[in-house]
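Chemist: Just one file: work31.txt, with compact mmCIF, C-alpha atoms.
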# COMPACT_ATOMS: atom_id res chain seq x y z
CA MET A 1 76.78 151.89 151.08
CA GLY A 2 79.37 154.66 151.39
CA ALA A 3 81.77 152.88 149.06
CA LEU A 4 79.09 152.60 146.41
CA GLN A 5 77.69 156.13 146.61
CA ASP A 6 78.98 159.69 146.57
CA GLY A 7 78.06 162.42 149.00
CA ASP A 8 74.73 163.09 147.26
CA GLY A 9 73.58 159.49 147.55
CA LYS A 10 74.24 158.77 143.88
CA LEU A 11 76.07 155.69 142.64
CA SER A 12 79.79 156.25 142.22
CA LEU A 13 81.25 156.10 138.73
CA THR A 14 83.25 152.98 139.61
CA THR A 15 80.08 151.22 140.78
CA LYS A 16 78.25 152.24 137.61
CA ILE A 17 81.07 150.78 135.52
CA ILE A 18 80.99 147.49 137.46
CA PHE A 19 77.22 147.22 136.96
CA ALA A 20 77.63 148.05 133.26
CA MET A 21 80.30 145.37 132.88
CA LEU A 22 78.16 142.70 134.60
CA ALA A 23 75.08 143.70 132.57
CA GLY A 24 77.08 143.51 129.36
CA LEU A 25 78.44 140.08 130.28
CA VAL A 26 74.97 138.66 131.01
CA LEU A 27 73.37 140.21 127.93
CA GLY A 28 76.26 139.09 125.71
CA VAL A 29 76.03 135.47 126.84
CA ILE A 30 72.24 135.46 126.39
CA LEU A 31 72.45 136.93 122.88
CA ASN A 32 75.18 134.45 121.94
CA MET A 33 73.10 131.50 123.11
CA ALA A 34 69.94 132.88 121.45
CA GLY A 35 71.69 133.22 118.09
CA LEU A 36 69.58 136.17 116.93
CA GLU A 37 71.56 136.95 113.80
CA THR A 38 69.89 140.26 112.95
CA ILE A 39 70.33 141.70 116.45
CA ASN A 40 73.83 140.29 116.86
CA THR A 41 74.97 141.66 113.50
CA HIS A 42 73.30 145.07 113.27
CA ILE A 43 72.74 146.08 116.89
CA VAL A 44 75.60 144.45 118.79
CA GLY A 45 78.18 144.23 116.01
CA GLY A 46 77.11 147.53 114.44
CA LEU A 47 75.80 150.03 117.02
CA PHE A 48 77.48 148.59 120.12
CA GLY A 49 80.68 148.00 118.17
CA MET A 50 80.69 151.61 116.99
CA ILE A 51 80.13 153.01 120.50
CA GLY A 52 82.80 150.71 121.94
CA ARG A 53 85.35 151.74 119.33
CA MET A 54 84.52 155.41 119.90
CA PHE A 55 85.13 155.00 123.63
CA VAL A 56 88.47 153.21 123.14
CA ASN A 57 89.49 155.79 120.52
CA ALA A 58 88.65 158.57 122.99
CA LEU A 59 90.89 156.98 125.63
CA GLN A 60 93.72 156.51 123.14
CA MET A 61 93.22 160.11 121.99
CA LEU A 62 94.32 161.22 125.46
CA VAL A 63 97.44 159.10 125.80
CA VAL A 64 100.11 160.96 123.81
CA PRO A 65 99.33 164.53 124.94
CA LEU A 66 98.75 163.39 128.52
CA VAL A 67 102.06 161.50 128.66
CA PHE A 68 103.96 164.38 127.04
CA PHE A 69 102.71 167.21 129.27
CA SER A 70 102.62 165.09 132.42
CA LEU A 71 106.17 163.85 131.87
CA ILE A 72 107.50 167.36 131.16
CA CYS A 73 105.97 168.49 134.48
CA GLY A 74 107.38 165.40 136.16
CA VAL A 75 110.93 166.01 134.98
CA ALA A 76 110.69 169.68 135.97
CA GLY A 77 109.23 168.67 139.34
CA ILE A 78 112.10 166.31 140.10
CA GLY A 79 114.57 169.04 139.25
CA ASP A 80 117.61 166.76 139.64
CA ILE A 81 118.81 164.65 136.71
CA ARG A 82 120.47 162.19 139.09
CA ILE A 83 117.17 161.52 140.85
CA LEU A 84 115.50 161.04 137.48
CA GLY A 85 118.14 158.46 136.59
CA ARG A 86 117.58 156.68 139.89
CA VAL A 87 113.80 156.58 139.35
CA GLY A 88 114.33 155.21 135.83
CA GLY A 89 116.80 152.57 137.02
CA LYS A 90 114.53 151.40 139.84
CA SER A 91 111.45 151.17 137.65
CA PHE A 92 113.29 149.36 134.84
CA GLY A 93 114.78 146.83 137.26
CA LEU A 94 111.45 146.20 138.98
CA TYR A 95 109.60 145.83 135.68
CA LEU A 96 112.11 143.22 134.51
CA LEU A 97 111.81 141.45 137.88
CA THR A 98 108.01 141.26 137.80
CA THR A 99 107.90 140.16 134.16
CA GLY A 100 110.57 137.49 134.68
CA THR A 101 108.82 136.25 137.82
CA ALA A 102 105.48 136.14 136.02
CA ILE A 103 106.60 133.92 133.15
CA ALA A 104 108.70 131.67 135.39
CA LEU A 105 105.67 131.19 137.65
CA ALA A 106 103.46 130.44 134.64
CA ILE A 107 105.84 127.81 133.25
CA ILE A 108 106.18 126.07 136.63
CA ILE A 109 102.40 125.91 137.14
CA ALA A 110 101.80 124.73 133.57
CA LEU A 111 104.47 122.01 133.86
CA LEU A 112 102.90 120.77 137.10
CA VAL A 113 99.33 120.71 135.71
CA GLY A 114 100.21 119.66 132.14
CA PRO A 115 97.53 121.39 129.98
CA GLY A 116 97.29 120.01 126.46
CA ASN A 117 98.13 116.38 127.24
CA GLY A 118 95.91 114.14 125.11
CA PHE A 119 94.51 117.07 123.10
CA VAL A 120 92.89 116.09 119.77
CA MET A 121 93.30 118.61 116.91
CA ASP A 122 90.29 117.59 114.79
CA GLY A 123 88.77 120.42 112.77
CA VAL A 124 91.21 123.13 113.82
CA ASP A 125 91.92 125.76 111.18
CA THR A 126 95.64 126.52 111.29
CA SER A 127 95.77 128.73 108.23
CA GLY A 128 96.68 132.36 108.21
CA VAL A 129 99.07 132.33 111.16
CA THR A 130 102.35 134.03 110.37
CA ALA A 131 105.42 134.43 112.51
CA ARG A 132 107.14 137.65 113.40
CA GLU A 133 110.92 137.71 113.53
CA ALA A 134 112.28 138.30 117.01
CA PRO A 135 114.26 141.56 117.27
CA SER A 136 117.81 141.48 118.56
CA VAL A 137 118.54 143.11 121.89
CA TRP A 138 120.60 145.74 120.06
CA ASP A 139 117.75 146.65 117.71
CA THR A 140 115.35 146.83 120.63
CA PHE A 141 117.40 149.41 122.49
CA ALA A 142 118.48 151.31 119.36
CA ASN A 143 114.84 151.85 118.39
CA ILE A 144 114.18 153.70 121.65
CA VAL A 145 115.81 156.77 120.09
CA PRO A 146 113.40 158.29 117.52
CA ARG A 147 114.70 159.31 114.11
CA ASN A 148 111.66 161.55 113.70
CA PRO A 149 109.95 162.75 116.91
CA VAL A 150 106.88 163.88 114.97
CA ALA A 151 106.47 160.38 113.51
CA ALA A 152 106.91 158.87 116.99
CA PHE A 153 104.09 161.06 118.33
CA THR A 154 101.90 160.32 115.31
CA ASN A 155 102.37 156.55 115.55
CA GLY A 156 102.16 156.43 119.36
CA GLU A 157 105.62 154.88 119.80
CA MET A 158 105.58 155.15 123.57
CA LEU A 159 109.23 154.43 124.38
CA GLN A 160 110.37 156.90 121.74
CA ILE A 161 107.93 159.50 123.06
CA ILE A 162 109.19 158.99 126.62
CA PHE A 163 112.82 159.24 125.51
CA TYR A 164 112.26 162.44 123.52
CA THR A 165 110.14 164.06 126.24
CA ILE A 166 112.72 163.32 128.94
CA ILE A 167 115.48 164.83 126.79
CA LEU A 168 113.28 167.89 126.25
CA GLY A 169 112.58 168.16 129.98
CA VAL A 170 116.26 167.83 130.88
CA ALA A 171 117.12 170.54 128.34
CA ALA A 172 114.50 172.78 129.95
CA LEU A 173 116.12 172.22 133.34
CA MET A 174 119.51 173.15 131.90
CA LEU A 175 118.12 176.46 130.61
CA GLY A 176 117.05 177.40 134.13
CA GLU A 177 114.68 180.33 134.70
CA ARG A 178 114.20 180.94 130.98
CA SER A 179 112.17 177.69 130.85
CA THR A 180 109.64 178.95 133.43
CA PRO A 181 106.98 180.03 130.85
CA PHE A 182 107.34 176.71 129.01
CA VAL A 183 106.95 174.66 132.20
CA GLN A 184 103.98 176.76 133.32
CA ALA A 185 102.31 176.21 129.94
CA CYS A 186 102.90 172.45 130.24
CA GLU A 187 101.42 172.47 133.76
CA PHE A 188 98.30 174.18 132.43
CA MET A 189 98.04 171.73 129.54
CA ASN A 190 98.47 168.83 131.98
CA GLU A 191 95.55 170.11 134.07
CA LEU A 192 93.54 170.66 130.90
CA MET A 193 94.17 167.07 129.75
CA MET A 194 93.10 165.71 133.15
CA LYS A 195 89.83 167.60 132.75
CA VAL A 196 89.40 165.97 129.33
CA VAL A 197 90.01 162.62 131.06
CA GLN A 198 87.10 163.39 133.38
CA ILE A 199 84.86 164.20 130.42
CA VAL A 200 85.70 160.94 128.64
CA MET A 201 85.33 158.89 131.82
CA ALA A 202 81.84 160.30 132.39
CA PHE A 203 80.77 158.16 129.42
CA ALA A 204 82.66 155.10 130.66
CA PRO A 205 79.63 153.01 131.80
CA ILE A 206 78.13 153.23 128.31
CA GLY A 207 81.42 152.39 126.60
CA VAL A 208 82.17 149.49 128.93
CA PHE A 209 78.66 148.06 128.53
CA CYS A 210 78.94 148.09 124.74
CA LEU A 211 82.45 146.61 124.70
CA ILE A 212 81.61 143.75 127.08
CA THR A 213 78.29 142.97 125.38
CA LYS A 214 79.94 142.78 121.95
CA THR A 215 82.80 140.60 123.20
CA PHE A 216 80.62 138.01 124.93
CA THR A 217 78.02 138.02 122.13
CA GLU A 218 80.74 137.12 119.63
CA GLN A 219 82.77 134.76 121.84
CA GLY A 220 80.18 133.04 124.00
CA ILE A 221 81.30 130.20 126.24
CA GLY A 222 81.38 127.33 123.74
CA LEU A 223 84.90 128.19 122.57
CA PHE A 224 86.30 127.38 126.01
CA ILE A 225 85.42 123.69 126.01
CA PRO A 226 88.17 122.36 123.65
CA VAL A 227 90.91 124.33 125.40
CA LEU A 228 89.47 124.26 128.91
CA SER A 229 92.71 123.02 130.49
CA TYR A 230 94.64 125.92 128.91
CA VAL A 231 92.07 128.48 130.08
CA ILE A 232 91.97 127.14 133.65
CA VAL A 233 95.76 127.09 134.03
CA LEU A 234 96.14 130.53 132.44
CA VAL A 235 93.46 132.20 134.58
CA GLY A 236 94.83 130.47 137.70
CA ALA A 237 98.38 131.68 136.99
CA LEU A 238 97.14 135.23 136.26
CA PHE A 239 95.17 135.41 139.51
CA LEU A 240 98.04 133.93 141.53
CA HIS A 241 100.43 136.56 140.19
CA LEU A 242 97.87 139.36 140.65
CA PHE A 243 96.78 138.57 144.21
CA VAL A 244 99.93 136.93 145.61
CA THR A 245 103.20 137.65 143.77
CA LEU A 246 102.61 141.34 143.05
CA MET A 247 101.20 141.96 146.52
CA VAL A 248 104.21 140.25 148.12
CA TYR A 249 106.53 142.52 146.12
CA LEU A 250 104.45 145.55 147.13
CA LYS A 251 104.62 144.69 150.84
CA LEU A 252 108.26 143.59 150.71
CA PHE A 253 109.68 146.63 148.90
CA SER A 254 107.37 149.41 150.14
CA GLY A 255 105.58 148.17 153.28
CA LEU A 256 102.26 149.41 151.88
CA ASN A 257 98.97 147.69 152.69
CA PRO A 258 98.04 145.45 149.70
CA PHE A 259 94.32 145.52 150.54
CA ILE A 260 94.19 149.32 150.26
CA PHE A 261 96.17 149.13 147.03
CA MET A 262 93.80 146.61 145.42
CA LYS A 263 90.78 148.70 146.34
CA LYS A 264 92.26 151.88 144.89
CA ILE A 265 93.53 150.36 141.63
CA ARG A 266 90.15 148.77 140.86
CA PRO A 267 88.92 151.48 138.43
CA ALA A 268 92.03 151.07 136.28
CA GLN A 269 91.63 147.28 136.34
CA ILE A 270 88.04 147.59 135.11
CA PHE A 271 89.08 149.87 132.26
CA ALA A 272 91.95 147.53 131.33
CA PHE A 273 89.59 144.54 131.31
CA SER A 274 87.10 146.40 129.12
CA THR A 275 89.56 147.79 126.58
CA ALA A 276 92.25 145.04 126.60
CA SER A 277 94.78 147.84 126.04
CA SER A 278 97.44 148.98 128.53
CA ASN A 279 98.04 152.14 126.52
CA ALA A 280 94.36 153.10 126.42
CA THR A 281 94.22 152.65 130.21
CA ILE A 282 97.17 155.00 130.88
CA PRO A 283 94.96 158.04 131.69
CA VAL A 284 92.96 156.03 134.25
CA THR A 285 96.05 154.37 135.76
CA LEU A 286 97.73 157.76 136.13
CA ARG A 287 94.70 159.16 137.89
CA CYS A 288 94.44 156.18 140.24
CA VAL A 289 98.07 156.23 141.39
CA ASN A 290 98.19 160.03 141.54
CA GLU A 291 94.86 161.04 143.07
CA ARG A 292 93.79 157.84 144.84
CA MET A 293 97.19 156.62 146.12
CA GLY A 294 99.06 159.89 146.53
CA VAL A 295 101.97 159.15 144.17
CA ASN A 296 103.69 162.38 143.11
CA ASN A 297 103.21 163.21 139.43
CA SER A 298 106.99 163.55 139.03
CA VAL A 299 107.24 159.75 139.47
CA ALA A 300 103.90 158.56 138.05
CA SER A 301 104.25 160.53 134.82
CA PHE A 302 107.35 158.49 134.01
CA THR A 303 106.73 155.04 135.48
CA VAL A 304 103.12 154.51 134.28
CA PRO A 305 103.61 155.07 130.52
CA PHE A 306 107.02 153.38 130.76
CA GLY A 307 105.41 150.35 132.36
CA ALA A 308 102.55 150.26 129.85
CA THR A 309 105.20 149.69 127.19
CA ILE A 310 107.78 147.38 128.76
CA ASN A 311 105.95 145.72 131.65
CA MET A 312 103.63 142.93 130.50
CA ASP A 313 103.26 140.49 133.36
CA GLY A 314 99.93 139.10 132.17
CA THR A 315 101.15 138.73 128.59
CA ALA A 316 104.30 136.95 129.80
CA ILE A 317 102.14 134.52 131.78
CA MET A 318 100.08 133.79 128.66
CA GLN A 319 103.24 133.05 126.69
CA GLY A 320 104.52 130.67 129.35
CA VAL A 321 101.26 128.73 129.65
CA ALA A 322 100.68 128.71 125.88
CA THR A 323 104.20 127.40 125.21
CA VAL A 324 103.76 124.50 127.62
CA PHE A 325 100.27 123.81 126.26
CA LEU A 326 101.43 123.68 122.64
CA ALA A 327 104.53 121.65 123.53
CA ASN A 328 102.24 119.06 125.15
CA VAL A 329 99.81 119.13 122.20
CA TYR A 330 102.63 118.41 119.72
CA GLY A 331 104.47 116.04 122.05
CA ILE A 332 107.68 118.11 122.03
CA ASP A 333 109.96 118.16 125.08
CA LEU A 334 111.59 121.58 125.26
CA GLY A 335 113.79 120.74 128.23
CA VAL A 336 115.24 123.15 130.77
CA GLY A 337 117.19 125.08 128.11
CA GLY A 338 114.08 125.59 126.02
CA TYR A 339 112.09 127.04 128.89
CA VAL A 340 114.97 129.31 129.92
CA THR A 341 114.93 130.58 126.33
CA VAL A 342 111.18 131.17 126.61
CA ILE A 343 111.69 133.27 129.75
CA ALA A 344 114.48 135.33 128.17
CA MET A 345 112.55 135.84 124.91
CA ALA A 346 109.36 136.89 126.69
CA VAL A 347 111.17 139.48 128.79
CA LEU A 348 113.02 140.83 125.74
CA ALA A 349 109.93 140.89 123.53
CA SER A 350 107.99 142.86 126.13
CA ILE A 351 110.43 145.79 125.84
CA GLY A 352 109.21 148.18 123.20
CA THR A 353 106.09 146.21 122.27
CA ALA A 354 102.98 148.36 122.10
CA GLY A 355 100.35 147.87 124.80
CA VAL A 356 97.44 147.34 122.40
CA PRO A 357 94.84 144.56 122.06
CA GLY A 358 96.13 141.31 120.56
CA VAL A 359 99.84 142.12 120.83
CA GLY A 360 100.34 139.03 123.01
CA LEU A 361 99.80 136.71 120.03
CA VAL A 362 102.39 138.62 118.01
CA MET A 363 104.88 138.24 120.84
CA LEU A 364 103.97 134.55 121.15
CA THR A 365 104.96 133.89 117.52
CA MET A 366 108.46 135.16 118.36
CA VAL A 367 108.74 132.84 121.34
CA LEU A 368 107.43 129.77 119.50
CA THR A 369 109.74 130.38 116.54
CA GLN A 370 112.74 130.71 118.85
CA VAL A 371 112.11 127.33 120.56
CA GLY A 372 111.05 125.49 117.39
CA LEU A 373 107.34 124.99 118.09
CA PRO A 374 104.89 125.20 115.13
CA ILE A 375 103.31 128.64 115.06
CA GLU A 376 100.22 127.10 113.50
CA GLY A 377 99.37 125.93 117.00
CA ILE A 378 98.33 129.48 117.87
CA ALA A 379 95.10 128.72 116.00
CA LEU A 380 94.17 126.46 118.92
CA ILE A 381 93.93 129.38 121.33
CA LEU A 382 92.78 132.14 118.96
CA GLY A 383 89.13 131.67 119.86
CA VAL A 384 89.57 132.38 123.56
CA ASP A 385 92.40 134.90 123.29
CA ARG A 386 90.23 138.01 123.29
CA LEU A 387 88.72 137.17 126.67
CA MET A 388 92.09 136.07 128.05
CA ASP A 389 93.59 139.31 126.72
CA MET A 390 91.12 141.28 128.84
CA ILE A 391 92.20 139.51 132.03
CA ARG A 392 95.92 139.69 131.35
CA THR A 393 95.71 143.41 130.53
CA ALA A 394 94.23 144.02 133.98
CA VAL A 395 97.22 142.14 135.42
CA ASN A 396 99.58 144.21 133.25
CA ILE A 397 98.39 147.58 134.53
CA THR A 398 98.31 146.32 138.12
CA GLY A 399 102.00 145.51 137.77
CA ASP A 400 102.57 149.05 136.43
CA ALA A 401 100.83 150.53 139.48
CA VAL A 402 102.71 148.26 141.92
CA VAL A 403 106.10 149.34 140.58
CA THR A 404 104.98 152.99 140.50
CA THR A 405 103.97 152.96 144.16
CA ILE A 406 107.14 151.10 145.20
CA VAL A 407 109.38 153.62 143.43
CA ALA A 408 107.40 156.58 144.80
CA LYS A 409 107.46 155.23 148.35
CA THR A 410 111.20 154.51 148.32
CA GLU A 411 111.92 157.95 146.81
CA GLY A 412 109.77 159.80 149.34
CA GLN A 413 107.45 160.97 146.55
CA MET A 414 104.20 159.66 148.02
CA ASP A 415 101.53 161.23 150.23
CA MET A 416 100.69 158.54 152.79
CA ASN A 417 97.64 160.44 154.05
CA THR A 418 96.13 160.20 150.58
CA TYR A 419 96.95 156.48 150.40
CA ALA A 420 95.29 155.85 153.76
CA ASP A 421 92.19 157.93 152.91
CA PRO A 422 89.54 155.50 151.58
CA THR A 423 87.72 158.29 149.70
CA ALA A 424 90.74 160.08 148.22
CA GLY A 425 90.45 160.57 144.47
CA ASP A 426 87.20 158.64 144.17
CA LEU A 427 85.89 158.86 140.63
CA VAL A 428 82.64 160.40 141.81
CA GLY A 429 81.09 163.83 141.88
CA ASP A 430 83.30 165.23 139.11
CA ASN A 431 82.05 168.68 138.19
CA LEU A 432 81.80 168.67 134.42
CA GLY A 433 79.69 171.80 134.30
CA ILE A 434 80.91 175.12 132.92
CA ASN A 435 81.47 178.00 135.31
CA GLU A 436 79.31 180.81 133.90
CA ASP A 437 81.47 183.60 135.35
CA ALA A 438 84.60 182.07 133.87
CA GLU A 439 82.77 181.57 130.59
CA HIS A 440 81.94 185.30 130.40
CA VAL A 441 85.54 186.25 131.23
CA LEU A 442 86.89 183.99 128.48
CA ALA A 443 84.32 185.28 126.00
CA SER A 444 85.28 188.88 126.78
CA ALA A 445 88.95 188.06 126.38
CA ALA A 446 88.31 186.35 123.04
CA HIS A 447 86.49 189.39 121.67
CA LYS A 448 88.89 191.95 123.09
CA PRO A 449 90.52 193.92 120.24
CA ALA A 450 94.26 193.53 119.83
CA GLU A 451 96.30 196.46 121.11
As C-alpha cells, what does this structure read like?

Modeler:
Amino acid sequence: MGALQDGDGKLSLTTKIIFAMLAGLVLGVILNMAGLETINTHIVGGLFGMIGRMFVNALQMLVVPLVFFSLICGVAGIGDIRILGRVGGKSFGLYLLTTGTAIALAIIIALLVGPGNGFVMDGVDTSGVTAREAPSVWDTFANIVPRNPVAAFTNGEMLQIIFYTIILGVAALMLGERSTPFVQACEFMNELMMKVVQIVMAFAPIGVFCLITKTFTEQGIGLFIPVLSYVIVLVGALFLHLFVTLMVYLKLFSGLNPFIFMKKIRPAQIFAFSTASSNATIPVTLRCVNERMGVNNSVASFTVPFGATINMDGTAIMQGVATVFLANVYGIDLGVGGYVTVIAMAVLASIGTAGVPGVGLVMLTMVLTQVGLPIEGIALILGVDRLMDMIRTAVNITGDAVVTTIVAKTEGQMDMNTYADPTAGDLVGDNLGINEDAEHVLASAAHKPAE
C-alpha cells in the first residue's frame, strides 16, 4: 500500500487521479448508453465541461512563465554556451530519431495488417474538411526567430519563446556579475511558479474526472465499430512504441532502468491523457523529470518545452496508420516513394507545430495533400480522434521525458540517487498551507512606510 499512500496513510495524489480517471470513464460510458439528454447536455456538457476547461486553462496558464523563468535559470546554471549547444544538438537529434522511428514503425505495422481493406463508406459526412498547406523547411526554421517577442509570449509560440529566452540567458551570461540580481529574481520566480503548479495540481482529480466523463459521454464506444481496424492498429503501434521502442532507446543510450522510468513518468502520462495537450502537460512533465528522476533543471528546462513542440511520436504514428488506412479505403497504392514522403513530411510538420488538442488532424491534412490522398477521408476517423489524441499525447510526453533523461545522463546532469529512490518527488503531502509567521512578516513589510 506504500505506493498508493503517503506517510499519513492518505491516498497519494497520483492514485486519486487514477481513480478519478477510471470513475470518469465508467460514468461517461454509462451516461452515453443511457442517453439522458438533459443530464448529458446541462450537467456533463455544461458543468463538467466548464470545470474541465478551467483545469486545462489553469495548466496552460502556467506554461509560458514556467518555461521562461525555468529556462533562464537553466541557461545560467549551465554557464557554458558550448555545453548549451551540445545539449540542444543532442536533444534535437534524438527527437528527430524517435519521431522518424515512430512513423516508420507505424507504416510497417499498418502495411502488414492492412486496416481499411474492404471498408464501405456509406453515410460518411465528408464535408467541412479543409487542407492546410505544408510549410517549406526554410519557412519552418525562419519562423523560430520571433519578430515580436511580446506577441510570441502572448500567442504561446513555444519555439519562438525558447529561442528568445535562450538568447536572453546567453546575454545575461555575457554580462557576468552584473546579471546576478536578474538571475536571482528568475530563480525566485521559478520557485514561485512551481508552488503555483502544486496549487493547480491539488485540484487535478476533480479536473481529470470532469474531462474524462465529458469525453466518454460524448464519444461513447459506438463510434469505434466502423473504424475498428484503424483503432486496433493505431493503439497497438502506440503501445509498441511506448513500451518497447522508447524503452530500448532509453536503455541503449543511458543505461537507465526502464521500469523505474515508467513508474516515475506515470503522473505526466495521466495528465497528458486527460488534457490531450503536450503543452498543458509541460509543468507536470518538468516536475516528474526534475523531482522524481533527478534531472538537473539546467537540462530539463530546455529539453521538455523543446520536445513538447517538436517531438510528436504519438502524432507521427497516427499519421502513418491513418495514411495507410485511407490509402486502402480509396484503393490507392502509394508505393515506397509515397511512404518515404509521408515519413519526411511527418517529421518536418512536427517541428514548430503547437502541442495542443487536435493538432494531429491539421498535420495529417499536410501529409495527405503531399501524397495525393483525398483529405475528405479524414472524416472517417474524426469520430474517434479525440480518444486517440489522448493516448498519443501520453506517448508524446513520454518521448520528451526519455530524451530529457538520456541527455541529462550523458551530460552528467542527473542525480542517480533520486532516480533510484522510489519515493523521490512523489506528488503527495504537498504543503499548500500558509506559514502564519511568514504571513505576518510579509504583511509588516507591505505596510512599512517608504524611507

Chemist: Counting all atoms listed in the file, which residue out of A:Ala316, A:Val384, A:Leu27, A:Ala104 sits closest to Val44 in chain A?

Modeler: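 Closest candidate: A:Leu27.
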
Chemist: I'd like the interatomic distance between CA of Thr285 in chain A and CA of Leu252 in chain A, to a tenth of an Å.

Modeler: 22.1 Å

Chemist: Pick out the closest residue to Val284 in chain A from this set: A:Asn143, A:Ala401, A:Gly35, A:Leu211. Count only C-alpha atoms.

Modeler: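 Answer, going by the shortest atom-to-atom distance: A:Ala401.
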
Chemist: Would you work out the distance separating CA of Ile72 in chain A from CA of Met193 in chain A, expressed in Å to one decimal?

Modeler: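 According to the coordinates, CA of Ile72 in chain A and CA of Met193 in chain A are separated by 13.4 Å.
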
Chemist: Just how far from CA of Thr423 in chain A is CA of Ile391 in chain A, in Å to one decimal?

Modeler: 26.2 Å

Chemist: With distances taken over only C-alpha atoms, which of A:Leu97, A:Ile81, A:Met61, A:Ile332 is nearest to Ile282 in chain A?

Modeler: A:Met61

Chemist: Name the closest residue to Glu411 in chain A among the candidates A:Phe253, A:Phe48, A:Tyr330, A:Phe19; distances are taken between atoms, counting all atoms listed in the file.

Modeler: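 Of A:Phe253, A:Phe48, A:Tyr330, A:Phe19, the one nearest Glu411 in chain A is A:Phe253, counting all atoms listed in the file.
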
Chemist: Have a look at A:Leu348, A:Met247, A:Val64, A:Leu228 and name the one nearest to Ala152 in chain A; count only C-alpha atoms.

Modeler: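 The shortest atom-to-atom distance to Ala152 in chain A comes from A:Val64.
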
Chemist: Show me as JSON, numbers by chain the residues that reach within 12 Å of (102.8, 116.5, 122.4), counting only C-alpha atoms and using the file's own coordinates.

Modeler: {"A": [114, 115, 116, 117, 118, 119, 120, 121, 323, 324, 325, 326, 327, 328, 329, 330, 331, 332, 333, 334, 373, 374, 377]}

Chemist: Give me the residues near Ile260 in chain A as a list in words, where near means some atom within 12 Å (using only C-alpha atoms) and where sequence neighbours in that chain fewer than 2 positions away do not count.

Modeler: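 The filter keeps Met247, Leu250, Lys251, Gly255, Leu256, Asn257, Pro258, Met262, Lys263, Lys264, Ile265, Arg266, Val289, Arg292, Met293, Val402, Met416, Thr418, Tyr419, Ala420, Asp421, Pro422, Thr423 and Ala424 of chain A.
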
Chemist: Report as a PyMOL selection string all protein, DNA and RNA residues lying within 12 Å of Glu191 in chain A, evaluated on only C-alpha atoms, omitting residues in the same chain fewer than 6 positions from it.

Modeler: chain A and resi 65-66+69-70+73+184-185+197-198+287+297

Chemist: Could you write those residues out with C-alpha atoms, as a short mmCIF file (atom, residue, chain, number, x, y, z; two decimals), keeping the file's coordinate frame?

Modeler:
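Okay, this is what ended up in part_35.cif:
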data_model
loop_
_atom_site.label_atom_id
_atom_site.label_comp_id
_atom_site.auth_asym_id
_atom_site.auth_seq_id
_atom_site.Cartn_x
_atom_site.Cartn_y
_atom_site.Cartn_z
CA PRO A 65 99.33 164.53 124.94
CA LEU A 66 98.75 163.39 128.52
CA PHE A 69 102.71 167.21 129.27
CA SER A 70 102.62 165.09 132.42
CA CYS A 73 105.97 168.49 134.48
CA GLN A 184 103.98 176.76 133.32
CA ALA A 185 102.31 176.21 129.94
CA VAL A 197 90.01 162.62 131.06
CA GLN A 198 87.10 163.39 133.38
CA ARG A 287 94.70 159.16 137.89
CA ASN A 297 103.21 163.21 139.43
#

Chemist: Given the choices A:Glu157, A:Asp400, A:Glu177, A:Asp415, which gets closest to Ser301 in chain A if the distance is worked out from all atoms listed in the file?

Modeler: A:Asp400

Chemist: Near Leu159 in chain A, counting all atoms listed in the file, which residues have an atom at most 7 Å away, once you skip same-chain residues fewer than 3 positions from it, shown as a list of chain:residue names?

Modeler: A:Ile144, A:Ile162, A:Phe163, A:Phe306, A:Thr309, A:Gly352

Chemist: For Val75 in chain A, find every residue with an atom within 7 Å (counting all atoms listed in the file), except residues of its own chain fewer than 5 positions away, and show them as a list in words.

Modeler: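 The residues that qualify are Ile166, Gly169, Val170 and Ser298 of chain A.
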
Chemist: Considering all atoms listed in the file, return as a ChimeraX atom specification whatever protein or nucleic-acid residues lie within 10 Å of Thr281 in chain A, sequence-local ones (same chain, fewer than 2 positions apart) excluded.

Modeler: /A:56,59-60,62-63,267-279,283-286,304-305,308,355-356,393-394,397

Chemist: Using C-alpha atoms, can you write the selected residues to a file as a short mmCIF file (atom, residue, chain, number, x, y, z; two decimals), in the frame of the given file?

Modeler:
data_model
loop_
_atom_site.label_atom_id
_atom_site.label_comp_id
_atom_site.auth_asym_id
_atom_site.auth_seq_id
_atom_site.Cartn_x
_atom_site.Cartn_y
_atom_site.Cartn_z
CA VAL A 56 88.47 153.21 123.14
CA LEU A 59 90.89 156.98 125.63
CA GLN A 60 93.72 156.51 123.14
CA LEU A 62 94.32 161.22 125.46
CA VAL A 63 97.44 159.10 125.80
CA PRO A 267 88.92 151.48 138.43
CA ALA A 268 92.03 151.07 136.28
CA GLN A 269 91.63 147.28 136.34
CA ILE A 270 88.04 147.59 135.11
CA PHE A 271 89.08 149.87 132.26
CA ALA A 272 91.95 147.53 131.33
CA PHE A 273 89.59 144.54 131.31
CA SER A 274 87.10 146.40 129.12
CA THR A 275 89.56 147.79 126.58
CA ALA A 276 92.25 145.04 126.60
CA SER A 277 94.78 147.84 126.04
CA SER A 278 97.44 148.98 128.53
CA ASN A 279 98.04 152.14 126.52
CA PRO A 283 94.96 158.04 131.69
CA VAL A 284 92.96 156.03 134.25
CA THR A 285 96.05 154.37 135.76
CA LEU A 286 97.73 157.76 136.13
CA VAL A 304 103.12 154.51 134.28
CA PRO A 305 103.61 155.07 130.52
CA ALA A 308 102.55 150.26 129.85
CA GLY A 355 100.35 147.87 124.80
CA VAL A 356 97.44 147.34 122.40
CA THR A 393 95.71 143.41 130.53
CA ALA A 394 94.23 144.02 133.98
CA ILE A 397 98.39 147.58 134.53
#
